[in-house]
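Below: entry_11.cif (mmCIF, C-alpha atoms)
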```cif
data_data
#
loop_
_atom_site.group_PDB
_atom_site.id
_atom_site.type_symbol
_atom_site.label_atom_id
_atom_site.label_comp_id
_atom_site.auth_asym_id
_atom_site.auth_seq_id
_atom_site.Cartn_x
_atom_site.Cartn_y
_atom_site.Cartn_z
ATOM 1 C CA MET A 1 -13.216 16.912 10.924
ATOM 2 C CA LEU A 2 -14.761 17.547 7.519
ATOM 3 C CA SER A 3 -13.115 17.300 4.124
ATOM 4 C CA THR A 4 -14.526 18.079 0.682
ATOM 5 C CA VAL A 5 -15.071 15.464 -2.016
ATOM 6 C CA PRO A 6 -16.108 15.869 -5.674
ATOM 7 C CA TRP A 7 -19.807 16.702 -6.191
ATOM 8 C CA GLN A 8 -21.880 13.581 -6.704
ATOM 9 C CA TRP A 9 -25.440 13.376 -8.065
ATOM 10 C CA CYS A 10 -27.969 11.202 -6.255
ATOM 11 C CA THR A 11 -31.436 11.662 -7.774
ATOM 12 C CA SER A 12 -32.022 15.424 -7.414
ATOM 13 C CA ARG A 13 -29.653 16.091 -4.520
ATOM 14 C CA ARG A 14 -25.946 16.780 -4.264
ATOM 15 C CA VAL A 15 -23.592 15.621 -1.516
ATOM 16 C CA ALA A 16 -20.737 18.054 -0.871
ATOM 17 C CA LEU A 17 -19.125 17.105 2.417
ATOM 18 C CA VAL A 18 -17.850 13.873 3.872
ATOM 19 C CA VAL A 19 -17.034 13.147 7.482
ATOM 20 C CA ALA A 20 -13.632 11.447 7.708
ATOM 21 C CA LEU A 21 -14.968 8.535 9.751
ATOM 22 C CA THR A 22 -18.240 7.964 7.895
ATOM 23 C CA VAL A 23 -18.542 8.506 4.163
ATOM 24 C CA ALA A 24 -21.872 8.651 2.334
ATOM 25 C CA MET A 25 -21.522 8.730 -1.454
ATOM 26 C CA CYS A 26 -23.991 8.711 -4.349
ATOM 27 C CA LEU A 27 -22.995 6.965 -7.555
ATOM 28 C CA VAL A 28 -24.270 5.445 -10.752
ATOM 29 C CA VAL A 29 -23.775 1.728 -11.345
ATOM 30 C CA GLY A 30 -25.056 0.049 -14.509
ATOM 31 C CA GLY A 31 -27.306 3.037 -15.240
ATOM 32 C CA ASP A 32 -29.088 2.833 -11.882
ATOM 33 C CA ARG A 33 -28.670 5.451 -9.185
ATOM 34 C CA VAL A 34 -27.575 3.772 -5.973
ATOM 35 C CA ALA A 35 -26.822 5.137 -2.521
ATOM 36 C CA HIS A 36 -23.443 3.857 -1.361
ATOM 37 C CA ALA A 37 -22.166 4.344 2.168
ATOM 38 C CA GLN A 38 -19.208 2.902 4.028
ATOM 39 C CA ALA A 39 -17.600 3.728 7.337
ATOM 40 C CA ALA A 40 -13.864 4.342 7.267
ATOM 41 C CA PRO A 41 -11.892 1.515 8.896
ATOM 42 C CA ALA A 42 -9.677 2.083 11.904
ATOM 43 C CA SER A 43 -6.142 2.814 10.739
ATOM 44 C CA THR A 44 -3.260 0.438 11.477
ATOM 45 C CA THR A 45 0.350 1.481 12.106
ATOM 46 C CA SER A 46 2.971 0.866 9.416
ATOM 47 C CA ARG A 47 6.665 1.497 10.065
ATOM 48 C CA TYR A 48 9.873 2.559 8.370
ATOM 49 C CA MET A 49 12.346 0.113 9.881
ATOM 50 C CA ALA A 50 15.683 1.264 11.293
ATOM 51 C CA THR A 51 16.459 -2.064 12.979
ATOM 52 C CA VAL A 52 16.059 -5.830 12.741
ATOM 53 C CA ASP A 53 16.667 -6.310 16.473
ATOM 54 C CA GLY A 54 14.457 -9.164 17.645
ATOM 55 C CA ALA A 55 13.497 -7.675 21.016
ATOM 56 C CA THR A 56 12.534 -4.364 19.411
ATOM 57 C CA LEU A 57 10.430 -6.055 16.759
ATOM 58 C CA TYR A 58 8.709 -8.267 19.330
ATOM 59 C CA ASN A 59 7.770 -5.231 21.408
ATOM 60 C CA GLU A 60 6.470 -3.376 18.359
ATOM 61 C CA GLY A 61 4.366 -6.361 17.376
ATOM 62 C CA CYS A 62 3.031 -6.621 20.903
ATOM 63 C CA ALA A 63 2.152 -2.919 20.937
ATOM 64 C CA GLN A 64 0.210 -3.274 17.702
ATOM 65 C CA GLY A 65 -1.512 -6.350 19.065
ATOM 66 C CA GLN A 66 -2.524 -4.447 22.189
ATOM 67 C CA ALA A 67 -3.849 -1.683 19.934
ATOM 68 C CA ALA A 68 -5.929 -4.341 18.146
ATOM 69 C CA ASP A 69 -4.514 -3.423 14.751
ATOM 70 C CA ASN A 70 -6.718 -5.201 12.249
ATOM 71 C CA GLY A 71 -6.245 -5.247 8.475
ATOM 72 C CA ILE A 72 -3.023 -4.402 6.654
ATOM 73 C CA ALA A 73 0.237 -3.030 8.069
ATOM 74 C CA ILE A 74 3.595 -2.543 6.354
ATOM 75 C CA LEU A 75 7.085 -2.957 7.774
ATOM 76 C CA ASP A 76 9.269 -1.061 5.286
ATOM 77 C CA PHE A 77 12.861 -2.331 5.507
ATOM 78 C CA GLY A 78 14.186 0.118 2.941
ATOM 79 C CA GLN A 79 16.190 0.201 -0.256
ATOM 80 C CA PRO A 80 16.776 -3.081 -2.151
ATOM 81 C CA TRP A 81 20.408 -4.106 -1.951
ATOM 82 C CA ALA A 82 22.822 -6.952 -2.552
ATOM 83 C CA GLN A 83 26.033 -7.507 -0.606
ATOM 84 C CA ASP A 84 28.540 -10.329 -1.065
ATOM 85 C CA GLY A 85 26.026 -12.223 -3.184
ATOM 86 C CA THR A 86 23.262 -11.911 -0.572
ATOM 87 C CA TYR A 87 20.048 -9.966 -1.135
ATOM 88 C CA GLY A 88 18.402 -7.715 1.409
ATOM 89 C CA THR A 89 17.933 -4.000 2.080
ATOM 90 C CA ILE A 90 19.577 -0.878 3.443
ATOM 91 C CA LEU A 91 17.701 0.005 6.639
ATOM 92 C CA PHE A 92 16.474 3.468 7.600
ATOM 93 C CA ASP A 93 19.149 3.946 10.266
ATOM 94 C CA ALA A 94 21.860 6.607 10.380
ATOM 95 C CA GLY A 95 24.578 4.167 9.355
ATOM 96 C CA GLY A 96 22.869 2.685 6.289
ATOM 97 C CA THR A 97 23.027 -0.835 7.744
ATOM 98 C CA PHE A 98 22.608 -3.783 5.386
ATOM 99 C CA ALA A 99 20.049 -6.370 6.484
ATOM 100 C CA SER A 100 19.913 -9.684 4.624
ATOM 101 C CA THR A 101 16.647 -11.421 3.806
ATOM 102 C CA ALA A 102 17.510 -13.877 6.618
ATOM 103 C CA ASP A 103 17.871 -10.976 9.070
ATOM 104 C CA ILE A 104 14.547 -9.559 7.910
ATOM 105 C CA GLU A 105 12.824 -12.935 8.172
ATOM 106 C CA PHE A 106 13.932 -13.261 11.792
ATOM 107 C CA ALA A 107 12.805 -9.702 12.599
ATOM 108 C CA VAL A 108 9.381 -10.176 11.008
ATOM 109 C CA GLU A 109 8.822 -13.450 12.837
ATOM 110 C CA ARG A 110 9.619 -11.746 16.140
ATOM 111 C CA PHE A 111 7.126 -8.985 15.295
ATOM 112 C CA LEU A 112 4.448 -11.553 14.477
ATOM 113 C CA SER A 113 5.199 -13.468 17.696
ATOM 114 C CA GLY A 114 4.643 -10.299 19.716
ATOM 115 C CA TYR A 115 1.447 -9.536 17.854
ATOM 116 C CA TRP A 116 0.120 -13.051 18.453
ATOM 117 C CA VAL A 117 0.765 -12.946 22.187
ATOM 118 C CA CYS A 118 -0.682 -9.472 22.766
ATOM 119 C CA SER A 119 -3.612 -9.199 20.344
ATOM 120 C CA PRO A 120 -7.254 -10.119 20.937
ATOM 121 C CA SER A 121 -8.268 -13.253 19.069
ATOM 122 C CA SER A 122 -10.782 -11.281 16.986
ATOM 123 C CA THR A 123 -8.094 -9.421 14.985
ATOM 124 C CA PHE A 124 -6.318 -10.458 11.799
ATOM 125 C CA LEU A 125 -3.150 -8.812 10.469
ATOM 126 C CA ARG A 126 -1.905 -9.043 6.890
ATOM 127 C CA LEU A 127 1.696 -7.970 7.309
ATOM 128 C CA GLY A 128 3.371 -6.506 4.248
ATOM 129 C CA ILE A 129 7.131 -7.145 4.322
ATOM 130 C CA GLY A 130 8.296 -4.039 2.528
ATOM 131 C CA THR A 131 11.114 -2.805 0.338
ATOM 132 C CA SER A 132 11.092 -0.290 -2.556
ATOM 133 C CA ASN A 133 12.381 0.393 -6.067
ATOM 134 C CA TYR A 134 14.811 3.036 -4.812
ATOM 135 C CA ARG A 135 17.848 2.434 -7.087
ATOM 136 C CA GLY A 136 20.056 -0.277 -5.550
ATOM 137 C CA ALA A 137 19.315 -3.864 -6.526
ATOM 138 C CA THR A 138 15.860 -3.273 -8.008
ATOM 139 C CA GLY A 139 15.306 -5.999 -10.597
ATOM 140 C CA ALA A 140 14.174 -9.570 -11.156
ATOM 141 C CA ALA A 141 16.735 -11.248 -8.893
ATOM 142 C CA HIS A 142 15.815 -9.104 -5.888
ATOM 143 C CA GLY A 143 12.124 -9.710 -6.579
ATOM 144 C CA GLN A 144 12.771 -13.443 -6.556
ATOM 145 C CA ALA A 145 14.702 -13.246 -3.289
ATOM 146 C CA TRP A 146 11.942 -11.156 -1.741
ATOM 147 C CA ALA A 147 9.296 -13.675 -2.751
ATOM 148 C CA SER A 148 11.304 -16.454 -1.118
ATOM 149 C CA LEU A 149 11.552 -14.357 2.064
ATOM 150 C CA VAL A 150 7.794 -13.790 2.146
ATOM 151 C CA ASP A 151 7.042 -17.465 1.593
ATOM 152 C CA ALA A 152 9.506 -18.450 4.335
ATOM 153 C CA VAL A 153 7.609 -16.239 6.796
ATOM 154 C CA GLY A 154 4.319 -17.679 5.541
ATOM 155 C CA ASN A 155 5.581 -21.213 6.148
ATOM 156 C CA TRP A 156 6.693 -20.218 9.650
ATOM 157 C CA ILE A 157 3.210 -18.839 10.374
ATOM 158 C CA ASN A 158 1.644 -22.141 9.322
ATOM 159 C CA LEU A 159 3.908 -24.369 11.396
ATOM 160 C CA PRO A 160 2.406 -25.828 14.594
ATOM 161 C CA PRO A 161 1.081 -24.310 16.775
ATOM 162 C CA SER A 162 0.168 -22.122 13.718
ATOM 163 C CA TYR A 163 -0.625 -18.420 13.865
ATOM 164 C CA ALA A 164 -2.642 -18.588 10.631
ATOM 165 C CA SER A 165 -5.934 -17.797 12.358
ATOM 166 C CA GLN A 166 -4.696 -14.246 12.994
ATOM 167 C CA GLU A 167 -1.720 -13.561 10.739
ATOM 168 C CA ALA A 168 -0.640 -13.703 7.104
ATOM 169 C CA ALA A 169 2.602 -12.676 5.407
ATOM 170 C CA ARG A 170 2.519 -10.582 2.256
ATOM 171 C CA GLY A 171 5.131 -8.979 0.063
ATOM 172 C CA ALA A 172 5.185 -5.203 -0.220
ATOM 173 C CA THR A 173 7.089 -2.607 -2.190
ATOM 174 C CA ASP A 174 7.065 1.179 -2.402
ATOM 175 C CA LEU A 175 7.192 1.663 -6.173
ATOM 176 C CA GLU A 176 7.760 5.304 -7.088
ATOM 177 C CA MET A 177 8.286 6.793 -10.530
ATOM 178 C CA GLY A 178 11.099 9.111 -9.457
ATOM 179 C CA TRP A 179 13.201 6.391 -7.833
ATOM 180 C CA ASN A 180 13.857 4.060 -10.751
ATOM 181 C CA ASN A 181 12.915 3.374 -14.341
ATOM 182 C CA ALA A 182 9.917 1.319 -15.316
ATOM 183 C CA ASP A 183 11.923 -1.583 -16.766
ATOM 184 C CA ALA A 184 13.782 -2.270 -13.491
ATOM 185 C CA SER A 185 10.566 -1.969 -11.490
ATOM 186 C CA ARG A 186 8.652 -4.249 -13.831
ATOM 187 C CA GLY A 187 11.551 -6.694 -13.592
ATOM 188 C CA TRP A 188 11.239 -6.769 -9.797
ATOM 189 C CA ALA A 189 7.492 -7.388 -10.049
ATOM 190 C CA GLU A 190 7.936 -10.189 -12.576
ATOM 191 C CA GLY A 191 10.740 -11.757 -10.544
ATOM 192 C CA TYR A 192 8.530 -11.798 -7.451
ATOM 193 C CA ALA A 193 5.490 -13.173 -9.271
ATOM 194 C CA GLY A 194 7.632 -15.845 -10.968
ATOM 195 C CA VAL A 195 8.423 -17.411 -7.583
ATOM 196 C CA THR A 196 5.172 -17.168 -5.638
ATOM 197 C CA SER A 197 1.463 -16.485 -5.893
ATOM 198 C CA THR A 198 1.511 -14.825 -2.454
ATOM 199 C CA PRO A 199 0.290 -11.260 -3.037
ATOM 200 C CA TYR A 200 2.470 -8.198 -2.788
ATOM 201 C CA TYR A 201 1.181 -4.739 -1.958
ATOM 202 C CA ASP A 202 2.299 -1.741 -4.006
ATOM 203 C CA TYR A 203 2.265 1.112 -1.504
ATOM 204 C CA GLY A 204 3.832 3.589 -3.911
ATOM 205 C CA ASP A 205 2.727 6.579 -5.939
ATOM 206 C CA CYS A 206 1.382 7.496 -9.358
ATOM 207 C CA GLU A 207 3.564 10.602 -9.641
ATOM 208 C CA GLY A 208 2.764 12.663 -12.712
ATOM 209 C CA CYS A 209 -0.356 10.658 -13.533
ATOM 210 C CA PRO A 210 -3.238 12.699 -14.976
ATOM 211 C CA THR A 211 -6.205 13.677 -12.853
ATOM 212 C CA GLY A 212 -8.524 14.271 -15.789
ATOM 213 C CA GLY A 213 -8.624 14.596 -19.545
ATOM 214 C CA THR A 214 -8.918 11.979 -22.247
ATOM 215 C CA VAL A 215 -8.503 8.322 -21.336
ATOM 216 C CA LEU A 216 -5.927 7.078 -23.823
ATOM 217 C CA GLY A 217 -5.391 3.580 -25.164
ATOM 218 C CA ILE A 218 -2.392 1.462 -24.145
ATOM 219 C CA PRO A 219 0.170 2.659 -22.977
ATOM 220 C CA GLY A 220 -1.788 5.716 -21.828
ATOM 221 C CA TRP A 221 -0.169 8.979 -20.839
ATOM 222 C CA THR A 222 3.608 9.216 -20.452
ATOM 223 C CA ILE A 223 4.310 10.444 -16.926
ATOM 224 C CA ASN A 224 7.356 11.093 -14.753
ATOM 225 C CA ASN A 225 10.763 9.564 -15.492
ATOM 226 C CA GLY A 226 9.572 7.921 -18.708
ATOM 227 C CA TRP A 227 6.906 5.787 -17.032
ATOM 228 C CA THR A 228 3.506 5.335 -18.661
ATOM 229 C CA GLN A 229 0.115 4.673 -17.131
ATOM 230 C CA GLU A 230 0.454 1.132 -18.459
ATOM 231 C CA ASP A 231 3.657 0.653 -16.458
ATOM 232 C CA VAL A 232 2.000 1.817 -13.230
ATOM 233 C CA TRP A 233 -1.048 -0.375 -13.868
ATOM 234 C CA TYR A 234 1.215 -3.352 -14.550
ATOM 235 C CA VAL A 235 3.314 -3.203 -11.375
ATOM 236 C CA SER A 236 0.395 -2.287 -9.111
ATOM 237 C CA TYR A 237 -2.309 -4.577 -10.479
ATOM 238 C CA GLY A 238 -1.473 -6.185 -13.832
ATOM 239 C CA VAL A 239 1.043 -8.648 -12.399
ATOM 240 C CA PRO A 240 -1.089 -11.446 -10.885
ATOM 241 C CA ALA A 241 0.475 -11.048 -7.436
ATOM 242 C CA ALA A 242 0.055 -7.252 -7.256
ATOM 243 C CA TYR A 243 -2.525 -5.272 -5.286
ATOM 244 C CA PRO A 244 -2.413 -1.506 -4.648
ATOM 245 C CA LEU A 245 -2.401 0.192 -1.253
ATOM 246 C CA PRO A 246 -1.447 3.592 -2.646
ATOM 247 C CA GLU A 247 0.058 6.617 -0.951
ATOM 248 C CA ILE A 248 -2.688 9.203 -0.479
ATOM 249 C CA TYR A 249 -0.495 11.865 1.102
ATOM 250 C CA LEU A 250 -1.568 15.153 -0.484
ATOM 251 C CA THR A 251 -4.277 17.058 1.369
ATOM 252 C CA SER A 252 -5.397 18.529 -1.967
ATOM 253 C CA GLY A 253 -6.822 15.182 -3.081
ATOM 254 C CA VAL A 254 -4.531 14.990 -6.135
ATOM 255 C CA ASN A 255 -3.127 11.556 -5.212
ATOM 256 C CA ALA A 256 -6.628 10.082 -4.981
ATOM 257 C CA ALA A 257 -7.609 11.621 -8.325
ATOM 258 C CA GLN A 258 -4.477 10.199 -10.002
ATOM 259 C CA TRP A 259 -5.269 6.666 -8.888
ATOM 260 C CA GLN A 260 -8.948 6.954 -9.826
ATOM 261 C CA ARG A 261 -7.935 8.045 -13.299
ATOM 262 C CA LEU A 262 -5.547 5.093 -13.559
ATOM 263 C CA SER A 263 -8.417 2.805 -12.572
ATOM 264 C CA LEU A 264 -10.524 4.362 -15.342
ATOM 265 C CA TYR A 265 -7.635 3.707 -17.753
ATOM 266 C CA ALA A 266 -7.695 0.050 -16.637
ATOM 267 C CA PHE A 267 -11.460 -0.099 -17.163
ATOM 268 C CA ALA A 268 -11.067 1.199 -20.713
ATOM 269 C CA ASN A 269 -8.050 -0.907 -21.685
ATOM 270 C CA HIS A 270 -8.023 -4.028 -19.518
ATOM 271 C CA GLY A 271 -11.675 -4.902 -19.145
ATOM 272 C CA GLY A 272 -12.219 -3.691 -15.592
ATOM 273 C CA PRO A 273 -11.155 -1.192 -12.936
ATOM 274 C CA ILE A 274 -8.343 -1.549 -10.435
ATOM 275 C CA TYR A 275 -9.610 -2.808 -7.079
ATOM 276 C CA PHE A 276 -7.787 -1.139 -4.212
ATOM 277 C CA LEU A 277 -7.086 -2.595 -0.786
ATOM 278 C CA GLY A 278 -7.139 0.746 0.992
ATOM 279 C CA ALA A 279 -5.099 3.900 1.478
ATOM 280 C CA LEU A 280 -1.703 4.636 3.039
ATOM 281 C CA THR A 281 -1.015 7.977 4.739
ATOM 282 C CA GLN A 282 2.071 9.415 6.475
ATOM 283 C CA PHE A 283 0.610 11.618 9.197
ATOM 284 C CA GLN A 284 2.688 10.047 11.989
ATOM 285 C CA ALA A 285 5.880 10.189 9.924
ATOM 286 C CA CYS A 286 5.239 13.869 9.200
ATOM 287 C CA LEU A 287 4.834 14.636 12.903
ATOM 288 C CA ALA A 288 8.274 13.193 13.583
ATOM 289 C CA GLY A 289 9.903 14.604 10.463
ATOM 290 C CA GLY A 290 9.100 18.294 10.691
ATOM 291 C CA GLY A 291 5.579 18.515 9.358
ATOM 292 C CA CYS A 292 5.516 18.030 5.508
ATOM 293 C CA PRO A 293 2.685 20.574 5.047
ATOM 294 C CA GLY A 294 0.286 19.681 2.262
ATOM 295 C CA ALA A 295 1.330 16.021 2.314
ATOM 296 C CA ASN A 296 0.198 15.123 5.827
ATOM 297 C CA ASN A 297 -3.280 13.703 5.336
ATOM 298 C CA LEU A 298 -4.871 12.247 8.426
ATOM 299 C CA PRO A 299 -5.618 8.546 7.888
ATOM 300 C CA GLY A 300 -9.370 9.093 7.783
ATOM 301 C CA ASN A 301 -9.039 11.942 5.321
ATOM 302 C CA GLY A 302 -6.704 10.054 2.980
ATOM 303 C CA TRP A 303 -9.064 7.093 3.000
ATOM 304 C CA ALA A 304 -12.065 9.373 2.374
ATOM 305 C CA GLN A 305 -10.339 11.082 -0.561
ATOM 306 C CA LEU A 306 -9.591 7.784 -2.295
ATOM 307 C CA PHE A 307 -13.031 6.371 -1.531
ATOM 308 C CA GLY A 308 -14.668 9.555 -2.799
ATOM 309 C CA ALA A 309 -12.626 9.679 -5.993
ATOM 310 C CA LEU A 310 -13.264 6.031 -6.853
ATOM 311 C CA ASN A 311 -16.967 6.337 -6.172
ATOM 312 C CA SER A 312 -17.326 9.523 -8.216
ATOM 313 C CA ASP A 313 -17.705 7.297 -11.289
ATOM 314 C CA GLY A 314 -19.708 4.082 -11.541
ATOM 315 C CA ARG A 315 -16.968 2.494 -13.633
ATOM 316 C CA THR A 316 -14.476 2.648 -10.741
ATOM 317 C CA ALA A 317 -16.898 2.490 -7.793
ATOM 318 C CA GLN A 318 -16.016 0.017 -5.027
ATOM 319 C CA ARG A 319 -15.648 -0.617 -1.332
ATOM 320 C CA LEU A 320 -12.353 0.315 0.313
ATOM 321 C CA ASN A 321 -11.577 -1.937 3.237
ATOM 322 C CA TRP A 322 -8.354 -0.825 4.903
ATOM 323 C CA SER A 323 -6.311 2.148 6.044
ATOM 324 C CA SER A 324 -2.766 2.397 7.388
ATOM 325 C CA ASP A 325 -0.565 5.276 8.530
ATOM 326 C CA ILE A 326 3.226 5.041 8.496
ATOM 327 C CA THR A 327 5.614 6.187 11.225
ATOM 328 C CA TRP A 328 9.362 6.502 11.729
ATOM 329 C CA ASN A 329 9.065 5.217 15.299
ATOM 330 C CA ASN A 330 11.165 2.168 16.100
#
```
Whole structure, structure tokens version:
Amino acid sequence: MLSTVPWQWCTSRRVALVVALTVAMCLVVGGDRVAHAQAAPASTTSRYMATVDGATLYNEGCAQGQAADNGIAILDFGQPWAQDGTYGTILFDAGGTFASTADIEFAVERFLSGYWVCSPSSTFLRLGIGTSNYRGATGAAHGQAWASLVDAVGNWINLPPSYASQEAARGATDLEMGWNNADASRGWAEGYAGVTSTPYYDYGDCEGCPTGGTVLGIPGWTINNGWTQEDVWYVSYGVPAAYPLPEIYLTSGVNAAQWQRLSLYAFANHGGPIYFLGALTQFQACLAGGGCPGANNLPGNGWAQLFGALNSDGRTAQRLNWSSDITWNN
């Protein structure tokens, strides 16, 4: 399947099309014209979680091990919440079940056990333990509790007999402009980073971010719900623990262009571009949820759009190592 990318100059020739599985780009780095090519990685499966049942999580981990998932995958446990003084999330089930951080720790460890047993020894999975900034308990205290959860799973991985040769625990959060204000979201990020240096992945959006125009100084353009480009940069990359794995859902390529422009803002205002881990798509979730036309990028196409946008400008050019696609299947 072919998808279009922005025109790129390479000496006297233009490249107009990119194959989803193999991307060849031309870019300018440091004034020199350089050919840059990278094959798209195989996509892993990420999941919206409707359960913390140990047997279910073990089987899902085993299935992803058998599929030789390699790279980054997210288990999204839903909306941040606090109940009776205990932090956790509201799961994606019909009843809005509360799961504590202890429940989630147990579920994640069962998933990782299944993955370890069923995967080839050549694979390595960085598992993002996910929540979001969707209203609820978003703030510093939840970020701190989430960091402690992630570190507890990391310590479990390292215990004898140790799964560390094939597995690592990471934090993760779906930070979206429309779901909460910037102050609460920044508070969560700071709370997390104040407890641990273990990375967290921002697998959210840059809703309302520009796709062109003037690159402004700090705080950049004001975007949706009172956020600024500076706020998005901060929670996705400015906090020392943060790394972006952004949603590249729109088939139009707008999401990729928004994030490339944010990276250019970082280059102009923070001394360097944003370095991205990869791209997140929702093709499987769309299949189960009725289609979501226009927002159902295939994993290879979402990855190619982000790769193409970043490498359309030498100031943001980079490799892009991972791809994941999220599903509702539990």
Atomic separation - atom CA of A:Gly187 relative to atom CA of A:Ala241, Å:
13.4 Å
Can you give me, as a list in words, the residues this file yields under the PyMOL selection byres ((chain A and resi 249-261) around 6)?
Cys209, Pro210, Thr211, Glu247, Ile248, Leu262, Ser263, Leu264, Thr281, Gly294, Ala295, Asn296, Asn297, Gln305, Leu306, Ala309 and Leu310 of chain A
Residues from the last selection, C-alpha atoms, saved as a PDB file, keeping the file's coordinate frame:
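File written: out23.pdb
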```pdb
ATOM      1  CA  CYS A 209      -0.356  10.658 -13.533  1.00  0.00           C
ATOM      2  CA  PRO A 210      -3.238  12.699 -14.976  1.00  0.00           C
ATOM      3  CA  THR A 211      -6.205  13.677 -12.853  1.00  0.00           C
ATOM      4  CA  GLU A 247       0.058   6.617  -0.951  1.00  0.00           C
ATOM      5  CA  ILE A 248      -2.688   9.203  -0.479  1.00  0.00           C
ATOM      6  CA  LEU A 262      -5.547   5.093 -13.559  1.00  0.00           C
ATOM      7  CA  SER A 263      -8.417   2.805 -12.572  1.00  0.00           C
ATOM      8  CA  LEU A 264     -10.524   4.362 -15.342  1.00  0.00           C
ATOM      9  CA  THR A 281      -1.015   7.977   4.739  1.00  0.00           C
ATOM     10  CA  GLY A 294       0.286  19.681   2.262  1.00  0.00           C
ATOM     11  CA  ALA A 295       1.330  16.021   2.314  1.00  0.00           C
ATOM     12  CA  ASN A 296       0.198  15.123   5.827  1.00  0.00           C
ATOM     13  CA  ASN A 297      -3.280  13.703   5.336  1.00  0.00           C
ATOM     14  CA  GLN A 305     -10.339  11.082  -0.561  1.00  0.00           C
ATOM     15  CA  LEU A 306      -9.591   7.784  -2.295  1.00  0.00           C
ATOM     16  CA  ALA A 309     -12.626   9.679  -5.993  1.00  0.00           C
ATOM     17  CA  LEU A 310     -13.264   6.031  -6.853  1.00  0.00           C
TER      18      LEU A 310
END
```
Expand the PyMOL selection byres ((chain A and resi 218) around 10) into the explicit residue set it covers here, and present it as a list in words.
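That expression, the PyMOL selection byres ((chain A and resi 218) around 10), corresponds here to Val215, Leu216, Gly217, Pro219, Gly220, Trp221, Thr228, Gln229, Glu230, Asp231, Tyr265, Ala266, Ala268, Asn269 and His270 of chain A.
Between atom CA of A:Gly139 and atom CA of A:Phe106 there is a distance of 23.6 Å.
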Answer key for the PyMOL selection byres ((chain A and resi 240) around 9), residues as a PyMOL selection string
chain A and resi 193+197+199+237-239+241-243
Could you pull the residues within 6 Å of stretch 43-60 of chain A, counting only C-alpha atoms, minus those fewer than 4 positions along the same chain, as a PDB file with C-alpha atoms, keeping the file's coordinate frame?
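What follows is the written file around-v1.pdb:
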```pdb
ATOM      1  CA  ASP A  69      -4.514  -3.423  14.751  1.00  0.00           C
ATOM      2  CA  ALA A  73       0.237  -3.030   8.069  1.00  0.00           C
ATOM      3  CA  ILE A  74       3.595  -2.543   6.354  1.00  0.00           C
ATOM      4  CA  LEU A  75       7.085  -2.957   7.774  1.00  0.00           C
ATOM      5  CA  ASP A  76       9.269  -1.061   5.286  1.00  0.00           C
ATOM      6  CA  PHE A  77      12.861  -2.331   5.507  1.00  0.00           C
ATOM      7  CA  LEU A  91      17.701   0.005   6.639  1.00  0.00           C
ATOM      8  CA  PHE A  92      16.474   3.468   7.600  1.00  0.00           C
ATOM      9  CA  ASP A  93      19.149   3.946  10.266  1.00  0.00           C
ATOM     10  CA  ALA A 107      12.805  -9.702  12.599  1.00  0.00           C
ATOM     11  CA  ARG A 110       9.619 -11.746  16.140  1.00  0.00           C
ATOM     12  CA  PHE A 111       7.126  -8.985  15.295  1.00  0.00           C
ATOM     13  CA  GLY A 114       4.643 -10.299  19.716  1.00  0.00           C
ATOM     14  CA  SER A 323      -6.311   2.148   6.044  1.00  0.00           C
ATOM     15  CA  SER A 324      -2.766   2.397   7.388  1.00  0.00           C
ATOM     16  CA  ASP A 325      -0.565   5.276   8.530  1.00  0.00           C
ATOM     17  CA  ILE A 326       3.226   5.041   8.496  1.00  0.00           C
ATOM     18  CA  THR A 327       5.614   6.187  11.225  1.00  0.00           C
ATOM     19  CA  TRP A 328       9.362   6.502  11.729  1.00  0.00           C
TER      20      TRP A 328
END
```
Please determine, counting all atoms listed in the file, which residue among A:Ser185, A:Asn180, A:Ser165, A:Asn155 has the shortest atom-to-atom distance to A:Ser236.
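Among A:Ser185, A:Asn180, A:Ser165, A:Asn155, it is A:Ser185 that comes nearest to A:Ser236.
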Need the shell around A:Pro80: protein/DNA/RNA residues with any atom at most 12 Å away, counting all atoms listed in the file. Skip same-chain ones fewer than 5 positions apart. Format as a VMD selection string?
chain A and resid 86 to 92 96 to 101 130 to 146 172 to 175 179 to 180 184 to 185 188
Please, what distance in Å, to one decimal, runs between atom CA of A:Glu190 and atom CA of A:Gln83?
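Calculated distance between atom CA of A:Glu190 and atom CA of A:Gln83 is 21.9 Å.
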When distances are computed from all atoms listed in the file, which of A:Val232, A:Ile129, A:Ala63, A:Ala68 shows the smallest separation from A:Ala42?
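Nearest candidate to A:Ala42 out of A:Val232, A:Ile129, A:Ala63, A:Ala68: A:Ala68.
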Of the residues A:Ile274, A:Ala147, A:Ala169, A:Ala94, which is the one nearest to A:Val108, using only C-alpha atoms?
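Selected residue with least distance to A:Val108: A:Ala169.
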Counting all atoms listed in the file, figure out which residue out of A:Asn311, A:Gln282, A:Asn330, A:Ser148 gets nearest to A:Tyr192.
A:Ser148
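Considering the residues A:Gly194, A:Pro244, A:Gly71, A:Gly213 and counting all atoms listed in the file, A:Ala168 has its shortest atom-to-atom contact with A:Gly71.
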For A:Val153, the nearest of the candidates A:Val235, A:Ala288, A:Leu277, A:Ile104, counting only C-alpha atoms
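Looking only at the distances to A:Val153, the closest residue turns out to be A:Ile104.
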